[in-house]
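Have a look at the structure below, then the notes.
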Amino acid sequence: MIHTRVIVVKNPEEMGVIAADHFEAMIQTKPACVIGLATGSTPLPLYRELAKREKEGKIDFSRVRSANLDEYKGLAPDHEQSYRKFMQDNLFDHISIKPENTIVPDGLATDVQAMCEAYEAQIEAWGGVDLQLLGIGHDGHIGFNEPDDHFPAMTHEVKLTEMTIDANKRFFDSIDDVPKSAFTMGIGTIMAAKKIVMVVTGADKKEILKKTFWGPVDPQVPASILQFHPNVVLICDEAAYPF
Ligand code: GLP
């Protein structure tokens, strides 16, 4: 563990409050900031808290831009299980962010390389990600960067591992409906964010959390690269904290 600041909270609700403080501070300092967003169940208390704070007049999302980490290959934006739909349902439809200021990789892209390059170019045109939110998969994936023999740099297509397909089948009618591939920001894209907040809750994440921040930096544990980022805040609950 080199630079990471660790905040241990009681439960997922408190995680949501503390993580929201970081987003509120960023948006207050820079009203047109660029935030990187994540899906999964872990960020949900944070998204509820952000929507609540905007209703209370504490945050204003009207100038904020957002770029999501990833999307399933082959799912249309309005597909029930697409990450675009997840973001609409759980955050965007409840805050004042402008639709044109939100980007999610295009699950239906046919020219994959062009889509990935355009995604990177849009983030760069916005001036880069100011604050990136991350969850973590049980195998240490961030976005959909799965364990590998190297750290992939830019937005690209990935083949999902059996473990990830299995973990995500709960959202689909059957395991056969889970897409086998996805598009994700690369490790380089993620590491270029000026600040990163990682949220981790639940005892099932304890083991991977220990490997990530207290083990060697290894592309087989993709999130371990975060040890080399100068501005990471890890917010985890007592159940996930390994010590
Ligand atoms: C998916 C997403 C990740 C997320 C992970 C963990 O694989 N692509 O960005 O971090 O799920 O999800 P959960 O928070 O539900 O455990």
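The way I read the labels, and the way they are meant: chains A, B, ... in the order of the structure tokens, residue 1 as the first residue of every chain, and ligand 1 as the first ligand shown, with later ones counted on from there.
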Legend entry - Shell of 9 Å around ligand 1 (only C-alpha atoms and all ligand atoms), written as a PyMOL selection string: chain A and resi 37-44+69-72+83+134-138+140-145+160+164-165+167-168+182+184+199-202+204-205
Keeping only C-alpha atoms, write the selected residues as a tab-separated table (two decimals), in the first residue's frame.
```tsv
chain	number	residue	atom	x	y	z
A	37	LEU	CA	-19.16	6.34	-13.25
A	38	ALA	CA	-19.56	2.67	-12.46
A	39	THR	CA	-22.38	0.14	-12.40
A	40	GLY	CA	-22.92	-2.85	-10.08
A	41	SER	CA	-24.87	-2.94	-6.86
A	42	THR	CA	-22.16	-1.36	-4.68
A	43	PRO	CA	-22.57	2.25	-5.96
A	44	LEU	CA	-26.36	2.27	-5.47
A	69	LEU	CA	-16.61	2.63	-17.41
A	70	ASP	CA	-18.20	-0.06	-19.51
A	71	GLU	CA	-21.09	-1.65	-21.41
A	72	TYR	CA	-22.08	-5.14	-22.45
A	83	TYR	CA	-25.44	-0.35	-18.31
A	134	LEU	CA	-14.85	2.32	-9.12
A	135	GLY	CA	-16.31	-0.85	-7.69
A	136	ILE	CA	-14.42	-4.12	-7.82
A	137	GLY	CA	-15.22	-7.60	-9.15
A	138	HIS	CA	-14.45	-10.73	-7.13
A	140	GLY	CA	-10.14	-7.93	-9.02
A	141	HIS	CA	-11.58	-6.50	-12.23
A	142	ILE	CA	-12.24	-2.78	-12.54
A	143	GLY	CA	-14.63	-1.70	-15.26
A	144	PHE	CA	-14.48	-4.96	-17.15
A	145	ASN	CA	-10.68	-5.24	-17.16
A	160	LEU	CA	-15.70	-11.84	-19.81
A	164	THR	CA	-17.79	-12.49	-14.00
A	165	ILE	CA	-20.50	-14.11	-16.13
A	167	ALA	CA	-21.52	-13.09	-10.78
A	168	ASN	CA	-23.68	-11.12	-13.19
A	182	ALA	CA	-18.07	-6.17	-23.15
A	184	THR	CA	-14.50	-1.18	-21.16
A	199	VAL	CA	-16.22	1.71	-3.06
A	200	VAL	CA	-16.23	-1.83	-1.66
A	201	THR	CA	-18.83	-3.37	0.64
A	202	GLY	CA	-19.62	-6.86	1.91
A	204	ASP	CA	-17.45	-11.46	-0.07
A	205	LYS	CA	-15.05	-8.71	-1.22
```
Legend entry - Within 8 Å of range 169-179 of chain A using only C-alpha atoms, minus same-chain residues under 5 positions, as a PyMOL selection string: chain A and resi 72-74+81
Inset, instruction - Please identify which residues in range 29-215 of chain A DSSP calls strand (DSSP E) from the backbone, and express them as a ChimeraX atom specification. - result: /A:34-37,65-68,70-72,102-103,131-134,156-159,181-184,195-200
Export of the given selection (C-alpha atoms) as an mmCIF file, in the first residue's frame:
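Now in result_9.cif:
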```cif
data_model
loop_
_atom_site.group_PDB
_atom_site.id
_atom_site.type_symbol
_atom_site.label_atom_id
_atom_site.label_comp_id
_atom_site.auth_asym_id
_atom_site.auth_seq_id
_atom_site.Cartn_x
_atom_site.Cartn_y
_atom_site.Cartn_z
ATOM 1 C CA VAL A 34 -15.967 15.190 -15.572
ATOM 2 C CA ILE A 35 -16.947 12.225 -13.432
ATOM 3 C CA GLY A 36 -16.308 8.605 -14.298
ATOM 4 C CA LEU A 37 -19.163 6.345 -13.248
ATOM 5 C CA ARG A 65 -20.203 15.603 -17.662
ATOM 6 C CA SER A 66 -20.011 11.850 -17.082
ATOM 7 C CA ALA A 67 -18.302 8.917 -18.751
ATOM 8 C CA ASN A 68 -19.182 5.366 -17.763
ATOM 9 C CA ASP A 70 -18.199 -0.061 -19.513
ATOM 10 C CA GLU A 71 -21.085 -1.647 -21.410
ATOM 11 C CA TYR A 72 -22.077 -5.145 -22.454
ATOM 12 C CA THR A 102 -23.430 11.504 -20.372
ATOM 13 C CA ILE A 103 -21.503 8.894 -22.324
ATOM 14 C CA LEU A 131 -13.117 11.984 -10.333
ATOM 15 C CA GLN A 132 -13.498 8.319 -11.217
ATOM 16 C CA LEU A 133 -15.769 6.004 -9.245
ATOM 17 C CA LEU A 134 -14.845 2.318 -9.124
ATOM 18 C CA HIS A 156 -11.298 -1.965 -25.773
ATOM 19 C CA GLU A 157 -13.387 -5.104 -26.161
ATOM 20 C CA VAL A 158 -12.977 -7.843 -23.542
ATOM 21 C CA LYS A 159 -14.083 -11.422 -23.219
ATOM 22 C CA SER A 181 -18.069 -9.816 -24.123
ATOM 23 C CA ALA A 182 -18.068 -6.168 -23.148
ATOM 24 C CA PHE A 183 -16.472 -2.828 -23.938
ATOM 25 C CA THR A 184 -14.505 -1.182 -21.160
ATOM 26 C CA LYS A 195 -8.716 11.293 -8.485
ATOM 27 C CA ILE A 196 -10.265 7.860 -7.899
ATOM 28 C CA VAL A 197 -12.824 6.801 -5.304
ATOM 29 C CA MET A 198 -13.204 3.042 -4.960
ATOM 30 C CA VAL A 199 -16.220 1.707 -3.055
ATOM 31 C CA VAL A 200 -16.234 -1.835 -1.658
#
```
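Here the question is which of A:Tyr241, A:Phe228, A:Phe61, A:Phe92 gets nearest to Arg48 in chain A using only C-alpha atoms, and that residue is A:Phe92.
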Using only C-alpha atoms, what table do you get, as CSV, when you list each residue of range 126-180 of chain A with an atom no more than 10 Å from range 113-122 of chain A, its nearest pair of atoms, and their distance in Å rounded to one decimal, rows by chain then rising number?
```
residue,atom,partner,partner_atom,distance
A:Trp126,CA,A:Gln122,CA,6.3
A:Gly127,CA,A:Gln122,CA,8.8
A:Gly128,CA,A:Gln122,CA,8.7
A:Met154,CA,A:Glu120,CA,7.4
A:Thr155,CA,A:Cys116,CA,5.2
A:His156,CA,A:Cys116,CA,6.0
A:Glu157,CA,A:Cys116,CA,8.3
```
Written selection (N, CA and C atoms) as a short mmCIF file (atom, residue, chain, number, x, y, z; two decimals), in the first residue's frame:
```cif
data_model
loop_
_atom_site.label_atom_id
_atom_site.label_comp_id
_atom_site.auth_asym_id
_atom_site.auth_seq_id
_atom_site.Cartn_x
_atom_site.Cartn_y
_atom_site.Cartn_z
N TRP A 126 -13.02 16.58 -23.24
CA TRP A 126 -13.59 17.16 -22.02
C TRP A 126 -12.51 17.55 -21.01
N GLY A 127 -11.27 17.19 -21.31
CA GLY A 127 -10.18 17.54 -20.39
C GLY A 127 -9.81 16.43 -19.42
N GLY A 128 -10.32 15.22 -19.67
CA GLY A 128 -9.99 14.07 -18.81
C GLY A 128 -10.93 13.95 -17.63
N MET A 154 -6.15 1.23 -23.23
CA MET A 154 -7.27 2.10 -23.63
C MET A 154 -8.60 1.34 -23.69
N THR A 155 -9.66 2.07 -24.00
CA THR A 155 -10.99 1.47 -24.16
C THR A 155 -10.90 0.35 -25.21
N HIS A 156 -11.45 -0.80 -24.89
CA HIS A 156 -11.30 -1.96 -25.77
C HIS A 156 -12.40 -2.98 -25.50
N GLU A 157 -12.43 -4.01 -26.35
CA GLU A 157 -13.39 -5.10 -26.16
C GLU A 157 -12.75 -6.18 -25.30
#
```
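Near range 96-100 of chain A, within 10 Å and counting only C-alpha atoms, sit Ala51, Glu54, Lys55, Ile59, Asp60, Phe61, Ser62, Arg63, Val64, Arg65, Ser66, Gln88 and Leu91 of chain A, not including residues fewer than 5 positions from it in the same chain.
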Legend entry - Residue with smallest distance to Ala192 in chain A - pool A:Pro242, A:Pro230, A:Pro222, A:Pro216, counting only C-alpha atoms: A:Pro230
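Taking only C-alpha atoms, the non-local environment of Leu46 in chain A within 8 Å (same-chain residues fewer than 6 positions away omitted) comprises Glu13, Met15, Gly16, Val17, Ala19 and Ala20 of chain A.
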Inset, instruction - Give me the residues within 10 Å of Ile225 in chain A as a ChimeraX atom specification, counting only C-alpha atoms and dropping any in the same chain fewer than 5 places off. - result: /A:151,187-188,191,212-213,216-219
Limited to all heavy atoms, could you put the picked residues into a file as an mmCIF file, in the first residue's frame?
```cif
data_model
loop_
_atom_site.group_PDB
_atom_site.id
_atom_site.type_symbol
_atom_site.label_atom_id
_atom_site.label_comp_id
_atom_site.auth_asym_id
_atom_site.auth_seq_id
_atom_site.Cartn_x
_atom_site.Cartn_y
_atom_site.Cartn_z
ATOM 1 N N PHE A 151 -1.577 -5.070 -18.425
ATOM 2 C CA PHE A 151 -2.619 -4.088 -18.110
ATOM 3 C C PHE A 151 -3.047 -3.410 -19.414
ATOM 4 O O PHE A 151 -2.253 -2.652 -19.983
ATOM 5 C CB PHE A 151 -2.076 -3.027 -17.145
ATOM 6 C CG PHE A 151 -1.793 -3.539 -15.755
ATOM 7 C CD1 PHE A 151 -0.492 -3.711 -15.313
ATOM 8 C CD2 PHE A 151 -2.835 -3.816 -14.873
ATOM 9 C CE1 PHE A 151 -0.230 -4.162 -14.020
ATOM 10 C CE2 PHE A 151 -2.585 -4.265 -13.577
ATOM 11 C CZ PHE A 151 -1.273 -4.441 -13.155
ATOM 12 N N ILE A 187 -7.189 0.099 -18.414
ATOM 13 C CA ILE A 187 -6.521 0.430 -17.150
ATOM 14 C C ILE A 187 -5.831 1.797 -17.272
ATOM 15 O O ILE A 187 -5.840 2.594 -16.344
ATOM 16 C CB ILE A 187 -5.494 -0.676 -16.797
ATOM 17 C CG1 ILE A 187 -6.214 -1.996 -16.504
ATOM 18 C CG2 ILE A 187 -4.594 -0.249 -15.659
ATOM 19 C CD1 ILE A 187 -6.993 -2.034 -15.211
ATOM 20 N N GLY A 188 -5.291 2.059 -18.469
ATOM 21 C CA GLY A 188 -4.652 3.362 -18.693
ATOM 22 C C GLY A 188 -5.657 4.500 -18.611
ATOM 23 O O GLY A 188 -5.364 5.564 -18.055
ATOM 24 N N MET A 191 -6.440 4.944 -14.955
ATOM 25 C CA MET A 191 -5.307 5.507 -14.207
ATOM 26 C C MET A 191 -5.051 6.980 -14.553
ATOM 27 O O MET A 191 -4.363 7.689 -13.808
ATOM 28 C CB MET A 191 -4.042 4.687 -14.470
ATOM 29 C CG MET A 191 -4.058 3.325 -13.807
ATOM 30 S SD MET A 191 -3.999 3.409 -11.998
ATOM 31 C CE MET A 191 -2.245 3.681 -11.751
ATOM 32 N N THR A 212 -5.730 -6.660 -3.525
ATOM 33 C CA THR A 212 -5.636 -5.457 -4.351
ATOM 34 C C THR A 212 -4.702 -4.413 -3.765
ATOM 35 O O THR A 212 -3.844 -3.874 -4.474
ATOM 36 C CB THR A 212 -7.047 -4.856 -4.545
ATOM 37 O OG1 THR A 212 -7.825 -5.786 -5.289
ATOM 38 C CG2 THR A 212 -7.007 -3.532 -5.277
ATOM 39 N N PHE A 213 -4.879 -4.117 -2.493
ATOM 40 C CA PHE A 213 -4.105 -3.004 -1.914
ATOM 41 C C PHE A 213 -2.967 -3.446 -1.012
ATOM 42 O O PHE A 213 -2.087 -2.657 -0.695
ATOM 43 C CB PHE A 213 -5.037 -2.056 -1.153
ATOM 44 C CG PHE A 213 -5.935 -1.262 -2.068
ATOM 45 C CD1 PHE A 213 -7.261 -1.634 -2.248
ATOM 46 C CD2 PHE A 213 -5.449 -0.173 -2.764
ATOM 47 C CE1 PHE A 213 -8.084 -0.912 -3.093
ATOM 48 C CE2 PHE A 213 -6.262 0.554 -3.619
ATOM 49 C CZ PHE A 213 -7.587 0.183 -3.786
ATOM 50 N N PRO A 216 1.019 -7.809 -4.081
ATOM 51 C CA PRO A 216 1.843 -7.257 -5.160
ATOM 52 C C PRO A 216 0.985 -6.672 -6.285
ATOM 53 O O PRO A 216 -0.152 -7.117 -6.491
ATOM 54 C CB PRO A 216 2.623 -8.476 -5.665
ATOM 55 C CG PRO A 216 1.914 -9.668 -5.161
ATOM 56 C CD PRO A 216 1.109 -9.271 -3.967
ATOM 57 N N VAL A 217 1.519 -5.685 -6.988
ATOM 58 C CA VAL A 217 0.847 -5.146 -8.169
ATOM 59 C C VAL A 217 1.008 -6.176 -9.288
ATOM 60 O O VAL A 217 2.137 -6.541 -9.638
ATOM 61 C CB VAL A 217 1.439 -3.779 -8.576
ATOM 62 C CG1 VAL A 217 0.849 -3.294 -9.887
ATOM 63 C CG2 VAL A 217 1.199 -2.766 -7.459
ATOM 64 N N ASP A 218 -0.121 -6.681 -9.788
ATOM 65 C CA ASP A 218 -0.081 -7.840 -10.685
ATOM 66 C C ASP A 218 -1.275 -7.759 -11.641
ATOM 67 O O ASP A 218 -2.414 -7.607 -11.179
ATOM 68 C CB ASP A 218 -0.199 -9.101 -9.787
ATOM 69 C CG ASP A 218 -0.197 -10.398 -10.569
ATOM 70 O OD1 ASP A 218 -0.311 -10.359 -11.803
ATOM 71 O OD2 ASP A 218 -0.105 -11.467 -9.917
ATOM 72 N N PRO A 219 -1.037 -7.845 -12.962
ATOM 73 C CA PRO A 219 -2.178 -7.766 -13.897
ATOM 74 C C PRO A 219 -3.204 -8.886 -13.705
ATOM 75 O O PRO A 219 -4.315 -8.789 -14.210
ATOM 76 C CB PRO A 219 -1.528 -7.828 -15.276
ATOM 77 C CG PRO A 219 -0.135 -8.277 -15.063
ATOM 78 C CD PRO A 219 0.243 -7.957 -13.652
#
```
Legend entry - Per-residue DSSP, range 182-241 of chain A, filtered to helix (DSSP H, G or I), as a ChimeraX atom specification: /A:187-191,203-214,222-228
Inset, instruction - For CA of Lys194 in chain A and CA of Val129 in chain A, quote the distance in Å rounded to one decimal. - result: 6.4 Å
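Using only C-alpha atoms, the smallest distance between any of A:Met163, A:Leu234, A:Ile27, A:Ala239 and Val6 in chain A comes from A:Leu234.
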